[in-house]
Amino acid sequence: MADLDSVLGCLDLNLDRSVERLQDLLRIPSISTDPAYAADCRRCAEWLAGDLEAIGFQVRVADSAGHPMVIAHHDGAGPGAPHVLFYGHYDVQPVDPVSEWESDPFDPQVKAMPDGTRRITGRGSADDKGQLMTFVEAARAYIAETGSLPCRVTIFLEGEEESGSPSLLPFMDAHRDELTADVALVCDTNMWDRDTPAISAGLRGLVGEEVTIRCADKDLHSGYFGGAAANPIRILSRIVADLHDGDGRVTLPGFYDGVEELPADVRETWANLGFDDAAFLAQAGLSVPAGEKGRSVLEQTWSRPTAEANGITGGYTGKGFKTVIAAEASAKISFRLVFKQDPAKIRESFRQFVRERLPADATAEFHPHGGSPAIQLPFDSPWLGAAREALSAEWPKPAVMIGMGGSIPVVGEFKKRLGMESLLIGFGLGDDRIHSPNEKYELTSFAKGQRSWARVLDALGRKGR
């Protein structure tokens, strides 16, 4: 504990310098999706590599089919210590519309707010440069104070997360042995609130499908053919409506295979979070939960699977009116998956569901739009328990385990390709405006995030011995 105390003291003493380093990193416009910034993406990767090398990591900037990766290794405290892989990304979103920024997005500032808090502004401050630097700063202080790290650490930073990570999977496959560890650490998520750290223990998976129903070989006059001709819009609308029953449950055969109930203690924890269902819906102009009856909003968005129509088209959609029976109609449907649901089985079940509802003269064509399984860290995982205790020691309120309604594909790939569970620990806040003008990262998030990672590394190191 004495070593940890000295590390925490070092972080506090050097906070101003760590903010300056983050600002230097934020000044590099590493926009991955725009080819005009390719040189800046490489410059950002090289900046990070140089910083990690300076604190004692063995580092290289590794070329990929797109922007470079940064791979860094530190042997840590020696035999018996666990091996952790820290993942982050150094690329950022475009800054448009520039006119809505209060200051230059690549001229980061530390701004004092009327309530006394301070925030670091600039593109990438929260997503993900500020977050990844919390881990780097924790490692810097640990090495400075103790000469080593409590765990064997590999740091893996990519430069294409904001543009779909097209080079990530081939790179992971080609460097599987180098990247495989006991557990992955991902810092690209939020806290529950300003005082309550969170570990995201579950991510919903995703299946995307586009279906096109065709009937006649051309659009038809609704006066000449109305009543006699099959109408693909009506057929498709009925199929989409049939996806749910009156209680909000999805009706695909086998859809709930692998869906488990929450453990009682997790359900109780979520119930005690103080989440306001009505306020959550009100911010979108809604008032009544529309999912499965008898489930809270948190259950519906974190731990239950869904089927949603994301778009439907057919016939004439321009201005005015046209009396036409369309030859075809299309819908885009997404399924959010949980626990052990099989994306391939869900996709095939949906296609069969559609085929069984096609009348004479109607055909269906399907186009897949990606699919990934859900990720669920075992609730009794020793990694989870150690991290939760470490975070609870740092923040005013104990850490909570939460779910995430969305998907972070790299986490699924760590499990699928490298066989690793992931701890998703981030220090962002819901109002950090990531992907939007005036992105910011609270100074408290940056400072206590560093201290939190020092505690987590210490706890994981002791857990592995």
# chains A, B, ... in the order shown; residues from 1 in each chain; ligands from 1
call {"tool": "closest_atom_pairs", "arguments": {"of": "region 224-251 of chain A", "to": "region 356-363 of chain A", "cutoff": "9 Å", "atoms": "only C-alpha atoms", "output": "JSON lines"}}
result
{"residue": "A:Ala230", "atom": "CA", "partner": "A:Asp361", "partner_atom": "CA", "distance": 7.2}
{"residue": "A:Asn231", "atom": "CA", "partner": "A:Ala362", "partner_atom": "CA", "distance": 8.8}
{"residue": "A:Pro232", "atom": "CA", "partner": "A:Ala362", "partner_atom": "CA", "distance": 7.4}
{"residue": "A:Ile235", "atom": "CA", "partner": "A:Leu358", "partner_atom": "CA", "distance": 7.3}
{"residue": "A:Leu236", "atom": "CA", "partner": "A:Leu358", "partner_atom": "CA", "distance": 8.9}
{"residue": "A:Arg238", "atom": "CA", "partner": "A:Arg357", "partner_atom": "CA", "distance": 8.7}
{"residue": "A:Ile239", "atom": "CA", "partner": "A:Arg357", "partner_atom": "CA", "distance": 6.9}
call {"tool": "write_last_selection", "arguments": {"atoms": "C-alpha atoms", "output": "PDB file, in the first residue's frame"}}
result
ATOM      1  CA  ALA A 230     -50.358  -7.601 -54.333  1.00  0.00           C
ATOM      2  CA  ASN A 231     -49.022  -4.523 -52.571  1.00  0.00           C
ATOM      3  CA  PRO A 232     -45.468  -4.970 -51.185  1.00  0.00           C
ATOM      4  CA  ILE A 235     -47.113  -7.033 -47.035  1.00  0.00           C
ATOM      5  CA  LEU A 236     -43.942  -5.568 -45.530  1.00  0.00           C
ATOM      6  CA  ARG A 238     -47.687  -6.530 -41.756  1.00  0.00           C
ATOM      7  CA  ILE A 239     -44.424  -8.453 -41.387  1.00  0.00           C
TER       8      ILE A 239
END
call {"tool": "select_by_dssp", "arguments": {"residues": "region 96-191 of chain A", "states": "alpha helix (DSSP H)", "output": "ChimeraX atom specification"}}
result
/A:129-146,168-174,176-179
call {"tool": "closest_residue", "arguments": {"among": "A:Gly294, A:Gly449, A:Gly159, A:Pro82", "to": "Val61 (chain A)", "atoms": "only C-alpha atoms"}}
result
A:Gly159
call {"tool": "closest_atom_pairs", "arguments": {"of": "region 259-302 of chain A", "to": "region 183-194 of chain A", "cutoff": "12 Å", "atoms": "only C-alpha atoms", "output": "Markdown table"}}
result
| residue | atom | partner | partner_atom | distance |
| --- | --- | --- | --- | --- |
| A:Trp270 | CA | A:Trp192 | CA | 11.0 |
| A:Leu273 | CA | A:Trp192 | CA | 8.7 |
| A:Gly274 | CA | A:Trp192 | CA | 10.5 |
| A:Phe275 | CA | A:Trp192 | CA | 9.9 |
call {"tool": "write_last_selection", "arguments": {"atoms": "N, CA and C atoms", "output": "PDB file, in the first residue's frame"}}
result
ATOM      1  N   TRP A 270     -29.108  -2.105  -9.792  1.00  0.00           N
ATOM      2  CA  TRP A 270     -29.674  -1.217 -10.802  1.00  0.00           C
ATOM      3  C   TRP A 270     -30.877  -0.457 -10.249  1.00  0.00           C
ATOM      4  N   LEU A 273     -29.875   2.654  -8.310  1.00  0.00           N
ATOM      5  CA  LEU A 273     -29.070   3.681  -8.966  1.00  0.00           C
ATOM      6  C   LEU A 273     -29.758   5.046  -8.999  1.00  0.00           C
ATOM      7  N   GLY A 274     -31.038   5.049  -8.715  1.00  0.00           N
ATOM      8  CA  GLY A 274     -31.772   6.312  -8.758  1.00  0.00           C
ATOM      9  C   GLY A 274     -32.103   6.765 -10.165  1.00  0.00           C
ATOM     10  N   PHE A 275     -32.133   5.832 -11.088  1.00  0.00           N
ATOM     11  CA  PHE A 275     -32.443   6.180 -12.481  1.00  0.00           C
ATOM     12  C   PHE A 275     -33.915   6.538 -12.605  1.00  0.00           C
TER      13      PHE A 275
END
call {"tool": "residues_around", "arguments": {"residues": "Thr33 (chain A)", "least_positions_apart": "3", "cutoff": "10 Å", "atoms": "only C-alpha atoms", "output": "list in words"}}
result
Ser30, Ala36, Tyr37, Ala38, His67, Asp91, Val92, Gln93, Pro94, Gly159, Glu160, Glu161, Glu162, Ser163 and Gly164 of chain A
call {"tool": "write_last_selection", "arguments": {"atoms": "N, CA and C atoms", "output": "PDB file, in the first residue's frame"}}
result
ATOM      1  N   SER A  30      -5.705  14.512 -35.630  1.00  0.00           N
ATOM      2  CA  SER A  30      -5.652  13.132 -36.131  1.00  0.00           C
ATOM      3  C   SER A  30      -7.037  12.643 -36.556  1.00  0.00           C
ATOM      4  N   ALA A  36      -6.843  13.834 -45.988  1.00  0.00           N
ATOM      5  CA  ALA A  36      -5.999  15.020 -45.861  1.00  0.00           C
ATOM      6  C   ALA A  36      -5.231  15.052 -44.545  1.00  0.00           C
ATOM      7  N   TYR A  37      -5.682  14.276 -43.562  1.00  0.00           N
ATOM      8  CA  TYR A  37      -5.050  14.272 -42.241  1.00  0.00           C
ATOM      9  C   TYR A  37      -4.227  13.015 -41.994  1.00  0.00           C
ATOM     10  N   ALA A  38      -3.894  12.281 -43.032  1.00  0.00           N
ATOM     11  CA  ALA A  38      -3.138  11.038 -42.855  1.00  0.00           C
ATOM     12  C   ALA A  38      -1.788  11.288 -42.184  1.00  0.00           C
ATOM     13  N   HIS A  67      -4.186   3.634 -41.153  1.00  0.00           N
ATOM     14  CA  HIS A  67      -3.354   4.410 -40.242  1.00  0.00           C
ATOM     15  C   HIS A  67      -2.579   3.483 -39.311  1.00  0.00           C
ATOM     16  N   ASP A  91      -7.280   8.407 -32.889  1.00  0.00           N
ATOM     17  CA  ASP A  91      -7.933   9.215 -33.927  1.00  0.00           C
ATOM     18  C   ASP A  91      -9.163   9.904 -33.365  1.00  0.00           C
ATOM     19  N   VAL A  92      -9.601  10.946 -34.067  1.00  0.00           N
ATOM     20  CA  VAL A  92     -10.731  11.751 -33.597  1.00  0.00           C
ATOM     21  C   VAL A  92     -11.731  11.969 -34.728  1.00  0.00           C
ATOM     22  N   GLN A  93     -12.902  12.415 -34.340  1.00  0.00           N
ATOM     23  CA  GLN A  93     -13.950  12.745 -35.294  1.00  0.00           C
ATOM     24  C   GLN A  93     -13.639  14.077 -36.008  1.00  0.00           C
ATOM     25  N   PRO A  94     -14.203  14.280 -37.198  1.00  0.00           N
ATOM     26  CA  PRO A  94     -14.122  15.613 -37.817  1.00  0.00           C
ATOM     27  C   PRO A  94     -14.759  16.659 -36.908  1.00  0.00           C
ATOM     28  N   GLY A 159      -5.664   3.827 -34.836  1.00  0.00           N
ATOM     29  CA  GLY A 159      -5.920   5.140 -35.390  1.00  0.00           C
ATOM     30  C   GLY A 159      -7.078   5.199 -36.354  1.00  0.00           C
ATOM     31  N   GLU A 160      -8.012   4.231 -36.260  1.00  0.00           N
ATOM     32  CA  GLU A 160      -9.132   4.209 -37.203  1.00  0.00           C
ATOM     33  C   GLU A 160     -10.470   3.919 -36.539  1.00  0.00           C
ATOM     34  N   GLU A 161     -10.546   4.020 -35.225  1.00  0.00           N
ATOM     35  CA  GLU A 161     -11.786   3.685 -34.535  1.00  0.00           C
ATOM     36  C   GLU A 161     -12.937   4.563 -34.989  1.00  0.00           C
ATOM     37  N   GLU A 162     -12.659   5.830 -35.250  1.00  0.00           N
ATOM     38  CA  GLU A 162     -13.715   6.763 -35.639  1.00  0.00           C
ATOM     39  C   GLU A 162     -14.085   6.642 -37.120  1.00  0.00           C
ATOM     40  N   SER A 163     -13.433   5.754 -37.847  1.00  0.00           N
ATOM     41  CA  SER A 163     -13.769   5.538 -39.255  1.00  0.00           C
ATOM     42  C   SER A 163     -14.009   4.067 -39.550  1.00  0.00           C
ATOM     43  N   GLY A 164     -14.489   3.337 -38.527  1.00  0.00           N
ATOM     44  CA  GLY A 164     -14.913   1.958 -38.734  1.00  0.00           C
ATOM     45  C   GLY A 164     -13.859   0.898 -38.522  1.00  0.00           C
TER      46      GLY A 164
END
call {"tool": "residues_around", "arguments": {"residues": "Leu22 (chain A)", "least_positions_apart": "4", "cutoff": "8 Å", "atoms": "only C-alpha atoms", "output": "MDAnalysis selection string"}}
result
chainID A and resid 18 26 129:130 133
call {"tool": "select_by_dssp", "arguments": {"residues": "region 340-371 of chain A", "states": "strand (DSSP E or B)", "output": "JSON list (two decimals) with C-alpha atoms, in the first residue's frame"}}
result
[["chain", "number", "residue", "atom", "x", "y", "z"],
["A", 363, "THR", "CA", -40.58, -12.55, -53.15],
["A", 364, "ALA", "CA", -38.04, -11.39, -50.59],
["A", 365, "GLU", "CA", -34.41, -10.44, -50.96],
["A", 366, "PHE", "CA", -32.13, -9.97, -47.95],
["A", 367, "HIS", "CA", -28.99, -7.94, -47.47],
["A", 368, "PRO", "CA", -26.98, -8.28, -44.22],
["A", 369, "HIS", "CA", -25.60, -5.24, -42.43],
["A", 370, "GLY", "CA", -23.19, -6.72, -39.93],
["A", 371, "GLY", "CA", -23.60, -8.96, -36.92]]
